[in-house]
file my_file30.pdb (PDB, C-alpha atoms and all ligand atoms)
ATOM      1  CA  MET R   1     255.669 138.058 -49.146
ATOM      2  CA  ALA R   2     255.427 139.000 -52.795
ATOM      3  CA  THR R   3     252.631 140.242 -55.035
ATOM      4  CA  ILE R   4     252.232 137.945 -58.031
ATOM      5  CA  GLY R   5     250.016 137.979 -61.130
ATOM      6  CA  PHE R   6     249.431 134.472 -62.482
ATOM      7  CA  ILE R   7     248.126 133.966 -66.035
ATOM      8  CA  GLY R   8     247.059 130.540 -67.353
ATOM      9  CA  LEU R   9     245.462 128.326 -64.707
ATOM     10  CA  GLY R  10     245.129 125.017 -66.580
ATOM     11  CA  ASN R  11     246.245 121.537 -65.550
ATOM     12  CA  MET R  12     249.640 122.912 -64.494
ATOM     13  CA  GLY R  13     249.121 126.616 -63.818
ATOM     14  CA  GLY R  14     246.148 126.029 -61.485
ATOM     15  CA  PRO R  15     248.029 123.977 -58.893
ATOM     16  CA  MET R  16     251.149 126.149 -59.281
ATOM     17  CA  ALA R  17     249.163 129.315 -58.506
ATOM     18  CA  ILE R  18     247.526 127.549 -55.549
ATOM     19  CA  ASN R  19     250.953 126.634 -54.135
ATOM     20  CA  LEU R  20     252.044 130.284 -54.360
ATOM     21  CA  ALA R  21     248.910 131.348 -52.487
ATOM     22  CA  LYS R  22     249.412 128.611 -49.880
ATOM     23  CA  ALA R  23     252.972 129.855 -49.348
ATOM     24  CA  GLY R  24     251.464 133.200 -48.291
ATOM     25  CA  HIS R  25     252.013 135.227 -51.467
ATOM     26  CA  SER R  26     249.337 137.573 -52.746
ATOM     27  CA  VAL R  27     248.243 135.956 -56.040
ATOM     28  CA  LYS R  28     246.044 137.691 -58.632
ATOM     29  CA  ALA R  29     244.928 134.892 -60.941
ATOM     30  CA  PHE R  30     243.602 135.068 -64.496
ATOM     31  CA  ASP R  31     242.485 132.500 -67.065
ATOM     32  CA  LEU R  32     239.952 132.501 -69.898
ATOM     33  CA  SER R  33     238.048 129.938 -67.800
ATOM     34  CA  GLN R  34     236.119 131.314 -64.806
ATOM     35  CA  ASP R  35     236.091 127.833 -63.243
ATOM     36  CA  ALA R  36     239.874 127.779 -63.275
ATOM     37  CA  ILE R  37     240.006 131.209 -61.583
ATOM     38  CA  GLN R  38     237.524 130.137 -58.903
ATOM     39  CA  LYS R  39     239.638 127.116 -57.951
ATOM     40  CA  VAL R  40     242.557 129.421 -57.169
ATOM     41  CA  VAL R  41     240.288 131.855 -55.312
ATOM     42  CA  ALA R  42     239.022 128.944 -53.178
ATOM     43  CA  ALA R  43     242.648 128.261 -52.209
ATOM     44  CA  GLY R  44     243.348 131.849 -51.121
ATOM     45  CA  GLY R  45     244.076 133.705 -54.378
ATOM     46  CA  GLN R  46     242.269 136.716 -55.810
ATOM     47  CA  ALA R  47     240.335 136.780 -59.083
ATOM     48  CA  ALA R  48     241.742 139.098 -61.758
ATOM     49  CA  THR R  49     239.299 140.436 -64.338
ATOM     50  CA  SER R  50     241.822 140.299 -67.196
ATOM     51  CA  ALA R  51     245.451 139.505 -67.910
ATOM     52  CA  VAL R  52     246.134 143.255 -67.630
ATOM     53  CA  ASP R  53     244.484 143.343 -64.196
ATOM     54  CA  ALA R  54     246.632 140.382 -63.077
ATOM     55  CA  ALA R  55     249.878 141.948 -64.342
ATOM     56  CA  GLN R  56     249.452 145.503 -63.025
ATOM     57  CA  ASN R  57     251.131 146.604 -59.786
ATOM     58  CA  VAL R  58     252.753 143.270 -58.961
ATOM     59  CA  GLU R  59     256.370 142.315 -58.320
ATOM     60  CA  PHE R  60     256.197 139.112 -60.379
ATOM     61  CA  VAL R  61     254.098 137.843 -63.274
ATOM     62  CA  VAL R  62     254.061 134.074 -63.838
ATOM     63  CA  SER R  63     252.567 132.748 -67.091
ATOM     64  CA  MET R  64     251.670 129.111 -67.843
ATOM     65  CA  LEU R  65     250.169 129.172 -71.337
ATOM     66  CA  PRO R  66     249.885 126.538 -74.071
ATOM     67  CA  ALA R  67     252.392 127.711 -76.710
ATOM     68  CA  GLY R  68     254.672 130.467 -78.029
ATOM     69  CA  LYS R  69     251.908 132.271 -79.944
ATOM     70  CA  HIS R  70     249.921 132.739 -76.708
ATOM     71  CA  VAL R  71     252.971 134.050 -74.838
ATOM     72  CA  GLU R  72     254.029 136.485 -77.562
ATOM     73  CA  SER R  73     250.463 137.701 -77.985
ATOM     74  CA  ILE R  74     249.838 138.280 -74.270
ATOM     75  CA  PHE R  75     253.099 140.133 -73.652
ATOM     76  CA  VAL R  76     253.952 141.847 -76.928
ATOM     77  CA  THR R  77     251.650 141.684 -79.939
ATOM     78  CA  GLY R  78     248.079 141.301 -78.595
ATOM     79  CA  GLU R  79     245.419 143.977 -78.195
ATOM     80  CA  GLN R  80     246.551 144.930 -74.689
ATOM     81  CA  PRO R  81     250.185 143.841 -74.426
ATOM     82  CA  LEU R  82     251.291 143.309 -70.838
ATOM     83  CA  PHE R  83     254.658 144.910 -71.670
ATOM     84  CA  ASP R  84     252.659 148.170 -71.873
ATOM     85  CA  VAL R  85     251.272 147.873 -68.351
ATOM     86  CA  VAL R  86     253.748 146.096 -66.050
ATOM     87  CA  ALA R  87     255.296 148.243 -63.337
ATOM     88  CA  ASP R  88     259.003 149.104 -63.320
ATOM     89  CA  GLY R  89     260.927 146.309 -61.643
ATOM     90  CA  THR R  90     258.353 143.576 -62.325
ATOM     91  CA  LEU R  91     260.000 140.242 -63.182
ATOM     92  CA  ILE R  92     258.084 138.139 -65.716
ATOM     93  CA  ILE R  93     258.597 134.386 -65.362
ATOM     94  CA  ASP R  94     257.225 132.429 -68.303
ATOM     95  CA  SER R  95     256.866 128.769 -67.355
ATOM     96  CA  SER R  96     255.057 127.723 -70.546
ATOM     97  CA  THR R  97     256.867 125.294 -72.836
ATOM     98  CA  ILE R  98     257.515 127.335 -75.979
ATOM     99  CA  ASP R  99     260.131 127.577 -78.711
ATOM    100  CA  ALA R 100     263.466 129.018 -77.645
ATOM    101  CA  GLU R 101     263.407 131.581 -80.479
ATOM    102  CA  THR R 102     260.146 133.135 -79.235
ATOM    103  CA  ALA R 103     261.454 133.103 -75.645
ATOM    104  CA  LYS R 104     264.607 134.956 -76.764
ATOM    105  CA  ARG R 105     262.653 137.410 -78.943
ATOM    106  CA  VAL R 106     260.162 138.288 -76.172
ATOM    107  CA  ALA R 107     263.010 138.665 -73.636
ATOM    108  CA  ALA R 108     264.945 140.922 -76.049
ATOM    109  CA  THR R 109     261.869 143.089 -76.724
ATOM    110  CA  GLY R 110     261.388 143.381 -72.967
ATOM    111  CA  ALA R 111     265.032 144.253 -72.377
ATOM    112  CA  GLU R 112     264.825 147.110 -74.925
ATOM    113  CA  ARG R 113     262.022 148.540 -72.782
ATOM    114  CA  GLY R 114     263.658 147.841 -69.407
ATOM    115  CA  ILE R 115     261.369 144.863 -68.668
ATOM    116  CA  SER R 116     262.798 141.653 -67.164
ATOM    117  CA  PHE R 117     261.580 138.404 -68.726
ATOM    118  CA  ILE R 118     262.972 134.903 -68.149
ATOM    119  CA  ASP R 119     261.972 131.493 -69.478
ATOM    120  CA  ALA R 120     261.384 128.914 -66.743
ATOM    121  CA  PRO R 121     259.658 125.843 -68.203
ATOM    122  CA  VAL R 122     258.932 122.946 -65.885
ATOM    123  CA  SER R 123     259.068 119.198 -65.736
ATOM    124  CA  GLY R 124     257.174 116.814 -63.482
ATOM    125  CA  GLY R 125     253.557 116.801 -64.662
ATOM    126  CA  VAL R 126     250.365 117.589 -62.785
ATOM    127  CA  GLY R 127     251.346 115.432 -59.784
ATOM    128  CA  ALA R 128     254.514 117.450 -59.210
ATOM    129  CA  ALA R 129     252.697 120.744 -59.890
ATOM    130  CA  THR R 130     250.206 119.833 -57.153
ATOM    131  CA  ALA R 131     252.871 118.578 -54.731
ATOM    132  CA  GLY R 132     255.096 121.613 -55.379
ATOM    133  CA  THR R 133     257.967 119.401 -56.535
ATOM    134  CA  LEU R 134     258.426 120.570 -60.136
ATOM    135  CA  ALA R 135     261.839 120.911 -61.761
ATOM    136  CA  PHE R 136     262.392 124.405 -63.232
ATOM    137  CA  MET R 137     264.844 125.012 -66.097
ATOM    138  CA  VAL R 138     265.595 128.702 -66.217
ATOM    139  CA  GLY R 139     266.963 130.765 -69.094
ATOM    140  CA  GLY R 140     268.047 134.232 -67.987
ATOM    141  CA  SER R 141     270.830 136.155 -66.266
ATOM    142  CA  GLU R 142     272.283 135.005 -62.923
ATOM    143  CA  ALA R 143     270.776 138.083 -61.246
ATOM    144  CA  LEU R 144     267.240 137.412 -62.509
ATOM    145  CA  PHE R 145     267.615 133.710 -61.679
ATOM    146  CA  GLU R 146     268.450 134.605 -58.063
ATOM    147  CA  LYS R 147     265.501 137.003 -57.925
ATOM    148  CA  ALA R 148     263.089 134.375 -59.273
ATOM    149  CA  LYS R 149     264.381 131.500 -57.130
ATOM    150  CA  PRO R 150     262.378 132.151 -53.913
ATOM    151  CA  ILE R 151     259.185 132.266 -55.995
ATOM    152  CA  LEU R 152     260.060 129.133 -57.969
ATOM    153  CA  GLU R 153     260.904 127.305 -54.731
ATOM    154  CA  CYS R 154     257.242 127.592 -53.673
ATOM    155  CA  MET R 155     256.303 125.521 -56.732
ATOM    156  CA  GLY R 156     259.271 123.234 -57.261
ATOM    157  CA  LYS R 157     262.114 121.438 -55.545
ATOM    158  CA  ASN R 158     264.805 121.394 -58.233
ATOM    159  CA  ILE R 159     265.573 124.823 -59.678
ATOM    160  CA  PHE R 160     268.244 124.905 -62.398
ATOM    161  CA  ARG R 161     269.745 127.745 -64.384
ATOM    162  CA  ALA R 162     270.337 126.312 -67.865
ATOM    163  CA  GLY R 163     271.942 129.472 -69.283
ATOM    164  CA  ASP R 164     270.829 132.760 -70.844
ATOM    165  CA  ASN R 165     267.405 133.556 -72.326
ATOM    166  CA  GLY R 166     266.038 130.603 -74.303
ATOM    167  CA  ALA R 167     268.345 128.043 -72.649
ATOM    168  CA  GLY R 168     265.577 126.860 -70.320
ATOM    169  CA  GLN R 169     263.429 126.078 -73.363
ATOM    170  CA  VAL R 170     266.247 124.174 -75.089
ATOM    171  CA  ALA R 171     266.761 122.077 -71.919
ATOM    172  CA  LYS R 172     263.014 121.476 -71.712
ATOM    173  CA  CYS R 173     262.690 120.261 -75.299
ATOM    174  CA  CYS R 174     265.689 117.914 -74.864
ATOM    175  CA  ASN R 175     263.994 116.490 -71.762
ATOM    176  CA  ASN R 176     260.574 116.109 -73.375
ATOM    177  CA  MET R 177     261.990 114.468 -76.485
ATOM    178  CA  LEU R 178     263.625 111.913 -74.176
ATOM    179  CA  LEU R 179     260.369 111.526 -72.220
ATOM    180  CA  ALA R 180     258.441 110.802 -75.445
ATOM    181  CA  ILE R 181     261.025 108.199 -76.449
ATOM    182  CA  LEU R 182     260.829 106.584 -72.987
ATOM    183  CA  MET R 183     257.012 106.603 -72.904
ATOM    184  CA  THR R 184     256.609 105.087 -76.374
ATOM    185  CA  GLY R 185     259.315 102.511 -75.599
ATOM    186  CA  THR R 186     257.638 101.605 -72.315
ATOM    187  CA  ALA R 187     254.236 101.256 -74.016
ATOM    188  CA  GLU R 188     255.799  99.109 -76.744
ATOM    189  CA  ALA R 189     257.459  96.752 -74.255
ATOM    190  CA  LEU R 190     254.391  96.484 -71.996
ATOM    191  CA  ASN R 191     252.111  95.730 -74.931
ATOM    192  CA  MET R 192     254.443  93.014 -76.221
ATOM    193  CA  GLY R 193     254.653  91.385 -72.781
ATOM    194  CA  VAL R 194     250.905  91.467 -72.268
ATOM    195  CA  LYS R 195     250.258  90.052 -75.763
ATOM    196  CA  ASN R 196     252.499  87.187 -74.724
ATOM    197  CA  GLY R 197     250.460  86.451 -71.620
ATOM    198  CA  LEU R 198     252.245  88.499 -68.941
ATOM    199  CA  ASP R 199     250.389  90.436 -66.261
ATOM    200  CA  PRO R 200     251.069  94.166 -66.925
ATOM    201  CA  ALA R 201     251.594  94.847 -63.202
ATOM    202  CA  VAL R 202     254.087  91.992 -62.830
ATOM    203  CA  LEU R 203     255.965  92.985 -65.987
ATOM    204  CA  SER R 204     256.005  96.637 -64.888
ATOM    205  CA  GLU R 205     257.500  95.702 -61.514
ATOM    206  CA  ILE R 206     260.136  93.477 -63.153
ATOM    207  CA  MET R 207     261.232  96.222 -65.561
ATOM    208  CA  LYS R 208     261.055  98.904 -62.848
ATOM    209  CA  GLN R 209     263.595  96.921 -60.802
ATOM    210  CA  SER R 210     265.703  96.070 -63.871
ATOM    211  CA  SER R 211     267.771  97.926 -66.403
ATOM    212  CA  GLY R 212     264.701  99.134 -68.355
ATOM    213  CA  SER R 213     263.510 101.263 -65.413
ATOM    214  CA  ASN R 214     262.503 104.813 -66.275
ATOM    215  CA  TRP R 215     260.168 107.643 -65.182
ATOM    216  CA  ALA R 216     257.135 106.164 -66.989
ATOM    217  CA  LEU R 217     257.488 102.872 -65.088
ATOM    218  CA  GLN R 218     258.297 104.598 -61.809
ATOM    219  CA  VAL R 219     255.544 107.194 -61.583
ATOM    220  CA  TYR R 220     253.401 107.325 -64.756
ATOM    221  CA  ASN R 221     252.651 103.788 -65.920
ATOM    222  CA  PRO R 222     250.751 103.891 -69.246
ATOM    223  CA  PHE R 223     248.925 100.585 -68.722
ATOM    224  CA  PRO R 224     245.434 101.032 -67.181
ATOM    225  CA  GLY R 225     245.057  99.605 -63.695
ATOM    226  CA  VAL R 226     248.758  99.110 -62.916
ATOM    227  CA  MET R 227     249.174 102.327 -60.928
ATOM    228  CA  GLU R 228     246.662 104.373 -58.973
ATOM    229  CA  GLY R 229     246.241 108.123 -59.415
ATOM    230  CA  VAL R 230     247.760 108.352 -62.914
ATOM    231  CA  PRO R 231     245.867 109.243 -66.123
ATOM    232  CA  SER R 232     246.026 105.654 -67.501
ATOM    233  CA  SER R 233     243.825 104.558 -64.598
ATOM    234  CA  ASN R 234     241.389 107.402 -65.288
ATOM    235  CA  ASP R 235     240.670 106.747 -68.988
ATOM    236  CA  TYR R 236     243.675 108.972 -69.833
ATOM    237  CA  GLN R 237     241.919 112.131 -68.587
ATOM    238  CA  GLY R 238     243.920 115.084 -67.180
ATOM    239  CA  GLY R 239     247.707 114.965 -67.131
ATOM    240  CA  PHE R 240     249.748 116.053 -70.164
ATOM    241  CA  GLN R 241     247.827 116.138 -73.432
ATOM    242  CA  VAL R 242     248.947 114.383 -76.613
ATOM    243  CA  ASP R 243     248.523 117.760 -78.373
ATOM    244  CA  LEU R 244     251.086 119.328 -76.027
ATOM    245  CA  MET R 245     253.570 116.464 -76.410
ATOM    246  CA  TYR R 246     253.165 116.708 -80.180
ATOM    247  CA  LYS R 247     253.909 120.444 -79.908
ATOM    248  CA  ASP R 248     257.013 119.751 -77.798
ATOM    249  CA  LEU R 249     258.312 117.188 -80.288
ATOM    250  CA  GLY R 250     257.848 119.808 -83.005
ATOM    251  CA  LEU R 251     259.956 122.218 -80.913
ATOM    252  CA  ALA R 252     262.615 119.515 -80.525
ATOM    253  CA  GLY R 253     262.500 118.981 -84.303
ATOM    254  CA  ASP R 254     263.119 122.709 -84.844
ATOM    255  CA  VAL R 255     266.096 122.728 -82.454
ATOM    256  CA  SER R 256     267.470 119.588 -84.111
ATOM    257  CA  HIS R 257     267.093 121.151 -87.561
ATOM    258  CA  GLN R 258     268.549 124.523 -86.606
ATOM    259  CA  SER R 259     271.584 122.970 -84.930
ATOM    260  CA  GLY R 260     272.103 120.051 -87.307
ATOM    261  CA  SER R 261     271.788 117.590 -84.401
ATOM    262  CA  PRO R 262     270.596 114.154 -85.525
ATOM    263  CA  THR R 263     267.489 113.017 -83.583
ATOM    264  CA  PRO R 264     266.263 109.795 -85.241
ATOM    265  CA  MET R 265     264.629 108.491 -82.056
ATOM    266  CA  GLY R 266     262.922 111.840 -81.437
ATOM    267  CA  SER R 267     261.637 111.847 -85.027
ATOM    268  CA  GLN R 268     260.238 108.345 -84.569
ATOM    269  CA  ALA R 269     258.505 109.358 -81.324
ATOM    270  CA  ARG R 270     257.030 112.393 -83.115
ATOM    271  CA  ALA R 271     255.727 110.144 -85.906
ATOM    272  CA  LEU R 272     254.021 107.902 -83.335
ATOM    273  CA  PHE R 273     252.410 110.821 -81.483
ATOM    274  CA  SER R 274     251.358 112.364 -84.786
ATOM    275  CA  MET R 275     249.530 109.142 -85.779
ATOM    276  CA  HIS R 276     247.960 108.914 -82.331
ATOM    277  CA  LYS R 277     246.805 112.549 -82.548
ATOM    278  CA  ALA R 278     245.414 112.013 -86.061
ATOM    279  CA  LYS R 279     243.181 109.264 -84.674
ATOM    280  CA  GLY R 280     241.434 111.896 -82.545
ATOM    281  CA  ASN R 281     243.399 111.416 -79.313
ATOM    282  CA  GLY R 282     244.891 114.920 -79.011
ATOM    283  CA  GLY R 283     242.979 115.697 -75.804
ATOM    284  CA  LEU R 284     244.012 112.512 -73.975
ATOM    285  CA  ASP R 285     247.006 112.220 -71.683
ATOM    286  CA  PHE R 286     250.189 111.334 -73.598
ATOM    287  CA  SER R 287     250.540 107.923 -71.915
ATOM    288  CA  SER R 288     247.508 106.898 -74.030
ATOM    289  CA  VAL R 289     250.039 106.322 -76.845
ATOM    290  CA  LEU R 290     249.868 102.728 -75.552
ATOM    291  CA  ARG R 291     246.549 102.456 -77.417
ATOM    292  CA  LEU R 292     248.386 102.837 -80.706
ATOM    293  CA  TYR R 293     249.985  99.454 -80.045
ATOM    294  CA  GLN R 294     246.919  97.611 -78.823
ATOM    295  CA  ASP R 295     244.500  95.442 -80.810
ATOM    296  CA  ARG R 296     241.322  97.465 -80.360
TER     297      ARG R 296
HETATM  298  P1  LIG G 301     246.221 123.575 -70.234
HETATM  299  O1  LIG G 301     245.689 123.589 -71.615
HETATM  300  O2  LIG G 301     245.605 122.711 -69.202
HETATM  301  O3  LIG G 301     246.260 125.077 -69.630
HETATM  302  C1  LIG G 301     246.496 126.229 -70.383
HETATM  303  C2  LIG G 301     245.604 127.315 -69.800
HETATM  304  O4  LIG G 301     245.915 128.557 -70.435
HETATM  305  C3  LIG G 301     244.113 127.048 -70.030
HETATM  306  O5  LIG G 301     243.439 127.036 -68.777
HETATM  307  C4  LIG G 301     243.677 128.211 -70.916
HETATM  308  O6  LIG G 301     242.352 128.647 -70.651
HETATM  309  C5  LIG G 301     244.701 129.270 -70.540
HETATM  310  N1  LIG G 301     244.845 130.324 -71.538
HETATM  311  C6  LIG G 301     245.058 130.198 -72.881
HETATM  312  N2  LIG G 301     245.128 131.410 -73.464
HETATM  313  C7  LIG G 301     244.956 132.311 -72.462
HETATM  314  C8  LIG G 301     244.913 133.727 -72.419
HETATM  315  N3  LIG G 301     245.044 134.467 -73.517
HETATM  316  N4  LIG G 301     244.712 134.329 -71.224
HETATM  317  C9  LIG G 301     244.569 133.604 -70.095
HETATM  318  N5  LIG G 301     244.594 132.249 -70.064
HETATM  319  C10 LIG G 301     244.779 131.624 -71.242
HETATM  320  O7  LIG G 301     247.785 123.249 -70.387
HETATM  321  P2  LIG G 301     248.789 122.729 -69.252
HETATM  322  O8  LIG G 301     248.811 121.250 -69.281
HETATM  323  O9  LIG G 301     248.535 123.465 -67.987
HETATM  324  O10 LIG G 301     250.172 123.219 -69.903
HETATM  325  C11 LIG G 301     250.584 124.586 -69.871
HETATM  326  C12 LIG G 301     252.018 124.657 -70.364
HETATM  327  O11 LIG G 301     252.841 123.829 -69.543
HETATM  328  C13 LIG G 301     252.192 124.141 -71.802
HETATM  329  O12 LIG G 301     253.141 124.930 -72.450
HETATM  330  C14 LIG G 301     252.682 122.717 -71.608
HETATM  331  O13 LIG G 301     253.455 122.266 -72.707
HETATM  332  C15 LIG G 301     253.523 122.866 -70.340
HETATM  333  N6  LIG G 301     253.668 121.660 -69.515
HETATM  334  C16 LIG G 301     252.612 120.837 -69.248
HETATM  335  C17 LIG G 301     252.809 119.700 -68.447
HETATM  336  C18 LIG G 301     251.688 118.760 -68.106
HETATM  337  O14 LIG G 301     251.957 117.661 -67.568
HETATM  338  N7  LIG G 301     250.423 119.110 -68.377
HETATM  339  C19 LIG G 301     254.077 119.430 -67.923
HETATM  340  C20 LIG G 301     255.120 120.313 -68.180
HETATM  341  C21 LIG G 301     254.914 121.435 -68.981
END

call {"tool": "encode", "arguments": {"input": "my_file30.pdb", "output": "structure tokens", "more": "lines below"}}
Ligand code: NAD
result
Amino acid sequence: MATIGFIGLGNMGGPMAINLAKAGHSVKAFDLSQDAIQKVVAAGGQAATSAVDAAQNVEFVVSMLPAGKHVESIFVTGEQPLFDVVADGTLIIDSSTIDAETAKRVAATGAERGISFIDAPVSGGVGAATAGTLAFMVGGSEALFEKAKPILECMGKNIFRAGDNGAGQVAKCCNNMLLAILMTGTAEALNMGVKNGLDPAVLSEIMKQSSGSNWALQVYNPFPGVMEGVPSSNDYQGGFQVDLMYKDLGLAGDVSHQSGSPTPMGSQARALFSMHKAKGNGGLDFSSVLRLYQDR
């Protein structure tokens, strides 16, 4: 069993760290929130007193932080950069969704100092993080991918190598741009049906079994009361925040711009999430974009 430092125990990182501990690994967990640390300790992990404490003398470091600035600061530019303290041979697996340029820059800085760093963002949401069924999209060499795989398999069921450093993040932002398009489209269709007298549960079932079926209809219905155990049935609490989806659509916009790839649907989805965020909904789950369409 491996020794692992885990940094960032939020909606996603918490259950991921717990799954590593449940698989028998020794997990030193750190977050700015003591509550988040205690949840992992209750599931068999150990509390780290700082990110440095979590990252010292371990074989793997897994990070699950909000954005690129947090990742770069923790590993390279902050007051106590973890690149200064990790042991020789430690593999750093960053599962945060961040921009590919930062992922490549941090990996290159690490490589200059003999430190291994791969990007391994995830898809699947809090449900999959808890169930250990996430999809991982890895950017890094074949050798580091093979080294990381047994660890990733404790947290996910589909582990892909997308390419070299940064490629995992490009795959992730393509996926999340598509997810945003599908979620806004699903909300738009459901709202129109309901405004025309249809029962949202009946309409959802019809579309789920028809050609409009997609992930939102299958496992993450945005209409309150249609599906149990999803954020829409819990006042849009938990799940994947509008702020984070907005960030991801910004990352997709950057990739689109840098590569000259037209993304008109992605731009439209970003405009919708930006309006929804501006109305004060940044902390709600992203399926709450349905509210933008409703008469309220
Ligand atoms: P979150 O806000 O719930 O968790 C982030 C955690 O990082 C918080 O607990 C915060 O306290 C901690 N943190 C921030 N700075 C820190 C620091 N310097 N040291 C230690 N801890 C620090 O976010 P989340 O929903 O868990 O998402 C994390 C990442 O995963 C994001 O990049 C997000 O885009 C991505 N993601 C989220 C989902 C989802 O459904 N929530 C799905 C896929 C990917």

call {"tool": "atom_distance", "arguments": {"input": "my_file30.pdb", "atom1": "CA of Gln80 (chain R)", "atom2": "CA of Val41 (chain R)"}}
result
24.2 Å

call {"tool": "atom_distance", "arguments": {"input": "my_file30.pdb", "atom1": "CA of Thr97 (chain R)", "atom2": "atom C12 of ligand LIG 301 (chain G)"}}
result
5.5 Å

call {"tool": "closest_residue", "arguments": {"input": "my_file30.pdb", "among": "R:Leu290, R:Ile206, R:Ile98, R:Met192", "to": "ligand LIG 301 (chain G)", "atoms": "all atoms listed in the file"}}
result
R:Ile98

call {"tool": "resolve_selection", "arguments": {"input": "my_file30.pdb", "expression": "the PyMOL selection byres (((chain R and resi 222) around 7) and not hetatm)", "output": "PyMOL selection string"}}
result
chain R and resi 187+220-221+223-224+232+287-288+290

call {"tool": "residues_near_ligand", "arguments": {"input": "my_file30.pdb", "ligand": "ligand LIG 301 (chain G)", "cutoff": "7 Å", "atoms": "all atoms listed in the file", "output": "PyMOL selection string"}}
result
chain R and resi 7-13+30-33+36+51+64-67+70+74+95-98+121-126+239-241+244-245+248

call {"tool": "closest_residue", "arguments": {"input": "my_file30.pdb", "among": "R:Thr3, R:Thr133, R:Gln38, R:Gln294", "to": "Gly193 (chain R)", "atoms": "only C-alpha atoms"}}
result
R:Gln294

call {"tool": "atom_distance", "arguments": {"input": "my_file30.pdb", "atom1": "CA of Val85 (chain R)", "atom2": "CA of Met155 (chain R)"}}
result
25.7 Å

call {"tool": "closest_residue", "arguments": {"input": "my_file30.pdb", "among": "R:Asn196, R:Phe136, R:Cys174, R:Gly68", "to": "Arg161 (chain R)", "atoms": "all atoms listed in the file"}}
result
R:Phe136

call {"tool": "closest_residue", "arguments": {"input": "my_file30.pdb", "among": "R:Ser256, R:Thr130, R:Thr263, R:Ser63", "to": "Val170 (chain R)", "atoms": "only C-alpha atoms"}}
result
R:Ser256

call {"tool": "axis_aligned_box", "arguments": {"input": "my_file30.pdb", "around": "region 270-278 of chain R", "padding_each_side": "5 Å", "output": "JSON"}}
result
{"center_x": 251.2, "center_y": 110.2, "center_z": -83.8, "size_x": 21.6, "size_y": 14.6, "size_z": 14.6}

call {"tool": "closest_residue", "arguments": {"input": "my_file30.pdb", "among": "R:Val52, R:Leu20, R:Gly238, R:Ala103", "to": "Pro150 (chain R)", "atoms": "all atoms listed in the file"}}
result
R:Leu20

call {"tool": "residues_around", "arguments": {"input": "my_file30.pdb", "residues": "Cys173 (chain R)", "least_positions_apart": "4", "cutoff": "10 Å", "atoms": "all atoms listed in the file", "output": "number ranges by chain"}}
result
R: 97-100, 121, 167-169, 177-179, 245, 247-255

call {"tool": "closest_residue", "arguments": {"input": "my_file30.pdb", "among": "R:Val219, R:Met207, R:Val194, R:Ala180", "to": "Tyr293 (chain R)", "atoms": "only C-alpha atoms"}}
result
R:Val194

call {"tool": "resolve_selection", "arguments": {"input": "my_file30.pdb", "expression": "the PyMOL selection byres (((chain R and resi 60) around 7) and not hetatm)", "output": "number ranges by chain"}}
result
R: 3-5, 58-59, 61-62, 90-92

call {"tool": "resolve_selection", "arguments": {"input": "my_file30.pdb", "expression": "the PyMOL selection byres (((chain R and resi 117) around 10) and not hetatm)", "output": "PDB file with C-alpha atoms, in the coordinates of the input"}}
result
ATOM      1  CA  PHE R  60     256.197 139.112 -60.379  1.00  0.00           C
ATOM      2  CA  VAL R  61     254.098 137.843 -63.274  1.00  0.00           C
ATOM      3  CA  VAL R  62     254.061 134.074 -63.838  1.00  0.00           C
ATOM      4  CA  PHE R  75     253.099 140.133 -73.652  1.00  0.00           C
ATOM      5  CA  PHE R  83     254.658 144.910 -71.670  1.00  0.00           C
ATOM      6  CA  THR R  90     258.353 143.576 -62.325  1.00  0.00           C
ATOM      7  CA  LEU R  91     260.000 140.242 -63.182  1.00  0.00           C
ATOM      8  CA  ILE R  92     258.084 138.139 -65.716  1.00  0.00           C
ATOM      9  CA  ILE R  93     258.597 134.386 -65.362  1.00  0.00           C
ATOM     10  CA  ASP R  94     257.225 132.429 -68.303  1.00  0.00           C
ATOM     11  CA  ALA R 103     261.454 133.103 -75.645  1.00  0.00           C
ATOM     12  CA  LYS R 104     264.607 134.956 -76.764  1.00  0.00           C
ATOM     13  CA  VAL R 106     260.162 138.288 -76.172  1.00  0.00           C
ATOM     14  CA  ALA R 107     263.010 138.665 -73.636  1.00  0.00           C
ATOM     15  CA  ALA R 108     264.945 140.922 -76.049  1.00  0.00           C
ATOM     16  CA  THR R 109     261.869 143.089 -76.724  1.00  0.00           C
ATOM     17  CA  GLY R 110     261.388 143.381 -72.967  1.00  0.00           C
ATOM     18  CA  ALA R 111     265.032 144.253 -72.377  1.00  0.00           C
ATOM     19  CA  GLY R 114     263.658 147.841 -69.407  1.00  0.00           C
ATOM     20  CA  ILE R 115     261.369 144.863 -68.668  1.00  0.00           C
ATOM     21  CA  SER R 116     262.798 141.653 -67.164  1.00  0.00           C
ATOM     22  CA  ILE R 118     262.972 134.903 -68.149  1.00  0.00           C
ATOM     23  CA  ASP R 119     261.972 131.493 -69.478  1.00  0.00           C
ATOM     24  CA  ALA R 120     261.384 128.914 -66.743  1.00  0.00           C
ATOM     25  CA  GLY R 139     266.963 130.765 -69.094  1.00  0.00           C
ATOM     26  CA  GLY R 140     268.047 134.232 -67.987  1.00  0.00           C
ATOM     27  CA  SER R 141     270.830 136.155 -66.266  1.00  0.00           C
ATOM     28  CA  LEU R 144     267.240 137.412 -62.509  1.00  0.00           C
ATOM     29  CA  ASN R 165     267.405 133.556 -72.326  1.00  0.00           C
TER      30      ASN R 165
END
